[in-house]
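This report concerns only the one structure given below.
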Amino acid sequence: MKYTIYLLFLICSSPIFSQETQNAIEVVGETEATITIDRYNMLINIKEVLADGYRNLEAKSLDEVTNTYKSKLKTAGIDFAKFQKNTSYKLYAGTSEINEVMYYNYTSNSSEEVEKIMALKTPGVRVTNVEIIAKEKSAEELATISHKAILNAKSIAQKMAEKLNKNIGDIIAIRSSNTSSQYIDINKITSTQKYYVTVSFKLL
């Protein structure tokens, strides 16, 4: 008897749960936040110079080129001792180099310092790559950003509900795939990143 009553309860309850699921509206809210640059990672290539009469270049060993570059860096107020040898990249690219070569990594928090290094013109020295690393958002910052996106979703949901002559109620669910990581697009002029949150509201 109890089994029969339980089955009857489930059968009667099913349409109610289905109706509650249907009486909802799901909206994607968005906002954007400013990207903060944390640091710049530079890859610098220093190699020996082979004699070239056409370009009027005298032959210089790797040590000579390195010492000349050290002197120029010192004049610019930059300490070469902070440059770190990148032997892994040397192994990766060394097979295609005729000249004796060494690669260095240099990390700076200053864009002005990076520009100084790039402005130093020394035969045998080339800035191979500059990687811009964005600062990660804190948990508090990410919560604030997500809250703004939720408010945006609420505004959209309310306008959609009004078109149906309805209103929205409490939030049923929130889904977000936002992370603390930020990514800089060098092709964009503005340094902002968009964040999205999916929010479900009761439809009254």
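Going through the structure tokens in order, the chains are called A, B, and so on, while each chain numbers its residues from 1 and the ligands are numbered from 1 in the order shown.
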Residues near region 113-128 of chain A, anyone? I mean within 8 Å using only C-alpha atoms, not counting same-chain ones fewer than 2 positions away, as a short mmCIF file (atom, residue, chain, number, x, y, z; two decimals) with C-alpha atoms, in the first residue's frame.
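Result written to result-v8.cif:
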```cif
data_model
loop_
_atom_site.label_atom_id
_atom_site.label_comp_id
_atom_site.auth_asym_id
_atom_site.auth_seq_id
_atom_site.Cartn_x
_atom_site.Cartn_y
_atom_site.Cartn_z
CA TYR A 40 57.63 42.00 -19.34
CA MET A 42 62.37 39.66 -22.86
CA LEU A 43 64.37 37.16 -24.90
CA ILE A 44 67.66 38.63 -26.10
CA ASN A 45 69.99 37.10 -28.67
CA ILE A 46 73.73 37.87 -28.42
CA LYS A 47 76.02 36.38 -31.05
CA GLU A 48 79.47 36.83 -32.51
CA VAL A 49 79.80 39.18 -35.47
CA VAL A 65 79.98 41.62 -28.33
CA THR A 68 80.21 45.97 -25.51
CA TYR A 69 76.55 45.32 -24.75
CA LYS A 72 75.88 50.11 -23.09
CA LEU A 73 73.43 48.60 -20.60
CA ALA A 76 71.48 53.09 -19.58
CA SER A 108 61.18 43.93 -15.99
CA SER A 110 58.87 48.84 -16.34
CA SER A 111 57.83 49.52 -19.92
CA VAL A 130 58.95 40.52 -25.65
#
```
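The residues of region 37-83 of chain A that DSSP assigns to strand (DSSP E or B) on this backbone come out as Ile37, Asp38, Arg39, Tyr40, Asn41, Met42, Leu43, Ile44, Asn45, Ile46, Lys47, Val49, Asp52, Leu57 and Lys60 of chain A.
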I need the residues from that last selection saved to file as a compact mmCIF listing (two decimals), in the first residue's frame (with N, CA and C atoms), if you can.
```txt
# COMPACT_ATOMS: atom_id res chain seq x y z
N ILE A 37 49.11 45.20 -16.34
CA ILE A 37 50.35 44.51 -16.73
C ILE A 37 51.20 44.25 -15.49
N ASP A 38 51.65 43.02 -15.35
CA ASP A 38 52.47 42.63 -14.21
C ASP A 38 53.96 42.76 -14.52
N ARG A 39 54.37 42.23 -15.69
CA ARG A 39 55.79 42.26 -16.04
C ARG A 39 55.99 42.01 -17.54
N TYR A 40 57.23 42.24 -17.96
CA TYR A 40 57.63 42.00 -19.34
C TYR A 40 58.77 40.99 -19.34
N ASN A 41 58.63 39.94 -20.13
CA ASN A 41 59.70 38.95 -20.27
C ASN A 41 60.37 39.14 -21.63
N MET A 42 61.65 39.43 -21.61
CA MET A 42 62.37 39.66 -22.86
C MET A 42 63.32 38.50 -23.16
N LEU A 43 63.39 38.15 -24.43
CA LEU A 43 64.37 37.16 -24.90
C LEU A 43 65.35 37.90 -25.79
N ILE A 44 66.63 37.85 -25.40
CA ILE A 44 67.66 38.63 -26.10
C ILE A 44 68.72 37.69 -26.68
N ASN A 45 69.05 37.92 -27.93
CA ASN A 45 69.99 37.10 -28.67
C ASN A 45 71.31 37.86 -28.81
N ILE A 46 72.40 37.27 -28.28
CA ILE A 46 73.73 37.87 -28.42
C ILE A 46 74.61 36.87 -29.17
N LYS A 47 75.18 37.31 -30.27
CA LYS A 47 76.02 36.38 -31.05
C LYS A 47 77.25 37.08 -31.61
N VAL A 49 79.98 38.47 -34.20
CA VAL A 49 79.80 39.18 -35.47
C VAL A 49 80.87 38.73 -36.45
N ASP A 52 82.05 41.69 -42.32
CA ASP A 52 81.18 41.94 -43.47
C ASP A 52 81.59 43.28 -44.09
N LEU A 57 81.36 45.87 -41.22
CA LEU A 57 81.40 45.27 -39.88
C LEU A 57 82.70 44.51 -39.68
N LYS A 60 83.87 40.24 -34.50
CA LYS A 60 83.96 40.33 -33.04
C LYS A 60 83.47 39.01 -32.44
```
* Asked: Neighbours of Ser146 (chain A) within 12 Å (only C-alpha atoms; same-chain residues fewer than 5 positions away dropped), as a PyMOL selection string?
  -> chain A and resi 28-33+137+139-141+151-153+174-180+194-199
Would you mind exporting N, CA and C atoms of the selected residues as a PDB file, in the first residue's frame?
```pdb
ATOM      1  N   VAL A  28      22.762  35.419 -20.268  1.00  0.00           N
ATOM      2  CA  VAL A  28      24.212  35.607 -20.126  1.00  0.00           C
ATOM      3  C   VAL A  28      24.484  37.082 -19.874  1.00  0.00           C
ATOM      4  N   GLY A  29      25.019  37.370 -18.714  1.00  0.00           N
ATOM      5  CA  GLY A  29      25.398  38.745 -18.380  1.00  0.00           C
ATOM      6  C   GLY A  29      26.878  38.947 -18.646  1.00  0.00           C
ATOM      7  N   GLU A  30      27.246  40.174 -18.941  1.00  0.00           N
ATOM      8  CA  GLU A  30      28.654  40.444 -19.227  1.00  0.00           C
ATOM      9  C   GLU A  30      29.102  41.752 -18.619  1.00  0.00           C
ATOM     10  N   THR A  31      30.399  41.855 -18.427  1.00  0.00           N
ATOM     11  CA  THR A  31      31.026  43.100 -17.985  1.00  0.00           C
ATOM     12  C   THR A  31      32.470  43.052 -18.446  1.00  0.00           C
ATOM     13  N   GLU A  32      33.187  44.114 -18.242  1.00  0.00           N
ATOM     14  CA  GLU A  32      34.599  44.096 -18.609  1.00  0.00           C
ATOM     15  C   GLU A  32      35.422  44.765 -17.522  1.00  0.00           C
ATOM     16  N   ALA A  33      36.692  44.380 -17.466  1.00  0.00           N
ATOM     17  CA  ALA A  33      37.586  44.924 -16.453  1.00  0.00           C
ATOM     18  C   ALA A  33      38.924  45.273 -17.093  1.00  0.00           C
ATOM     19  N   LYS A 137      43.843  38.362 -11.436  1.00  0.00           N
ATOM     20  CA  LYS A 137      42.839  38.970 -10.569  1.00  0.00           C
ATOM     21  C   LYS A 137      42.768  38.193  -9.249  1.00  0.00           C
ATOM     22  N   ALA A 139      40.759  36.885  -5.758  1.00  0.00           N
ATOM     23  CA  ALA A 139      39.426  36.311  -5.556  1.00  0.00           C
ATOM     24  C   ALA A 139      38.396  37.418  -5.317  1.00  0.00           C
ATOM     25  N   GLU A 140      38.796  38.449  -4.582  1.00  0.00           N
ATOM     26  CA  GLU A 140      37.898  39.567  -4.301  1.00  0.00           C
ATOM     27  C   GLU A 140      37.555  40.324  -5.579  1.00  0.00           C
ATOM     28  N   GLU A 141      38.566  40.560  -6.407  1.00  0.00           N
ATOM     29  CA  GLU A 141      38.340  41.265  -7.672  1.00  0.00           C
ATOM     30  C   GLU A 141      37.441  40.449  -8.598  1.00  0.00           C
ATOM     31  N   LEU A 151      24.444  41.491 -12.337  1.00  0.00           N
ATOM     32  CA  LEU A 151      23.529  42.644 -12.415  1.00  0.00           C
ATOM     33  C   LEU A 151      23.148  42.943 -13.860  1.00  0.00           C
ATOM     34  N   ASN A 152      24.102  42.777 -14.761  1.00  0.00           N
ATOM     35  CA  ASN A 152      23.828  42.973 -16.189  1.00  0.00           C
ATOM     36  C   ASN A 152      22.834  41.914 -16.684  1.00  0.00           C
ATOM     37  N   ALA A 153      23.029  40.679 -16.231  1.00  0.00           N
ATOM     38  CA  ALA A 153      22.114  39.598 -16.618  1.00  0.00           C
ATOM     39  C   ALA A 153      20.708  39.867 -16.075  1.00  0.00           C
ATOM     40  N   ILE A 174      23.624  29.995 -11.018  1.00  0.00           N
ATOM     41  CA  ILE A 174      24.656  30.853 -11.610  1.00  0.00           C
ATOM     42  C   ILE A 174      25.775  29.956 -12.115  1.00  0.00           C
ATOM     43  N   ARG A 175      26.169  30.187 -13.352  1.00  0.00           N
ATOM     44  CA  ARG A 175      27.292  29.427 -13.917  1.00  0.00           C
ATOM     45  C   ARG A 175      28.334  30.403 -14.446  1.00  0.00           C
ATOM     46  N   SER A 176      29.577  30.162 -14.057  1.00  0.00           N
ATOM     47  CA  SER A 176      30.662  31.035 -14.502  1.00  0.00           C
ATOM     48  C   SER A 176      31.925  30.223 -14.752  1.00  0.00           C
ATOM     49  N   SER A 177      32.593  30.515 -15.844  1.00  0.00           N
ATOM     50  CA  SER A 177      33.865  29.855 -16.153  1.00  0.00           C
ATOM     51  C   SER A 177      35.019  30.856 -16.078  1.00  0.00           C
ATOM     52  N   ASN A 178      34.755  32.016 -15.463  1.00  0.00           N
ATOM     53  CA  ASN A 178      35.795  33.037 -15.354  1.00  0.00           C
ATOM     54  C   ASN A 178      36.919  32.577 -14.430  1.00  0.00           C
ATOM     55  N   THR A 179      38.136  32.914 -14.783  1.00  0.00           N
ATOM     56  CA  THR A 179      39.301  32.583 -13.961  1.00  0.00           C
ATOM     57  C   THR A 179      40.067  33.857 -13.624  1.00  0.00           C
ATOM     58  N   SER A 180      41.046  33.707 -12.759  1.00  0.00           N
ATOM     59  CA  SER A 180      41.839  34.865 -12.341  1.00  0.00           C
ATOM     60  C   SER A 180      42.833  35.308 -13.422  1.00  0.00           C
ATOM     61  N   LYS A 194      36.727  40.925 -21.303  1.00  0.00           N
ATOM     62  CA  LYS A 194      35.305  40.692 -21.016  1.00  0.00           C
ATOM     63  C   LYS A 194      35.134  39.454 -20.143  1.00  0.00           C
ATOM     64  N   TYR A 195      34.125  39.523 -19.281  1.00  0.00           N
ATOM     65  CA  TYR A 195      33.778  38.412 -18.398  1.00  0.00           C
ATOM     66  C   TYR A 195      32.287  38.110 -18.564  1.00  0.00           C
ATOM     67  N   TYR A 196      31.951  36.823 -18.537  1.00  0.00           N
ATOM     68  CA  TYR A 196      30.570  36.399 -18.773  1.00  0.00           C
ATOM     69  C   TYR A 196      30.095  35.492 -17.636  1.00  0.00           C
ATOM     70  N   VAL A 197      28.823  35.655 -17.276  1.00  0.00           N
ATOM     71  CA  VAL A 197      28.189  34.818 -16.258  1.00  0.00           C
ATOM     72  C   VAL A 197      26.799  34.424 -16.751  1.00  0.00           C
ATOM     73  N   THR A 198      26.461  33.148 -16.662  1.00  0.00           N
ATOM     74  CA  THR A 198      25.129  32.673 -17.050  1.00  0.00           C
ATOM     75  C   THR A 198      24.267  32.568 -15.796  1.00  0.00           C
ATOM     76  N   VAL A 199      23.118  33.236 -15.828  1.00  0.00           N
ATOM     77  CA  VAL A 199      22.244  33.296 -14.646  1.00  0.00           C
ATOM     78  C   VAL A 199      20.834  32.858 -15.022  1.00  0.00           C
TER      79      VAL A 199
END
```
* **Residues near Phe201 (chain A), cut-off 8 Å, only C-alpha atoms, skip fewer than 5 positions along chain, as a ChimeraX atom specification** => /A:24-26,157,168-173
Written file, previous selection with C-alpha atoms, as a PDB file, in the first residue's frame:
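And here's again_10.pdb as it stands now:
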```
ATOM      1  CA  ALA A  24      12.568  30.149 -15.758  1.00  0.00           C
ATOM      2  CA  ILE A  25      14.666  32.424 -17.902  1.00  0.00           C
ATOM      3  CA  GLU A  26      18.398  31.974 -18.512  1.00  0.00           C
ATOM      4  CA  ALA A 157      16.264  39.218 -17.949  1.00  0.00           C
ATOM      5  CA  ILE A 168      11.596  37.786 -12.732  1.00  0.00           C
ATOM      6  CA  GLY A 169      12.022  36.318  -9.291  1.00  0.00           C
ATOM      7  CA  ASP A 170      14.925  34.863  -7.346  1.00  0.00           C
ATOM      8  CA  ILE A 171      18.065  33.497  -8.945  1.00  0.00           C
ATOM      9  CA  ILE A 172      17.867  29.748  -9.515  1.00  0.00           C
ATOM     10  CA  ALA A 173      21.413  29.088 -10.682  1.00  0.00           C
TER      11      ALA A 173
END
```
* Asked: How many Å separate CA of Tyr183 (chain A) from CA of Asn86 (chain A)?
  ->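 CA of Tyr183 (chain A) sits 24.3 Å away from CA of Asn86 (chain A).
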* Backbone DSSP call of alpha helix (DSSP H) for region 86-192 of chain A, listed as a ChimeraX atom specification -> /A:87-93,111-119,139-163
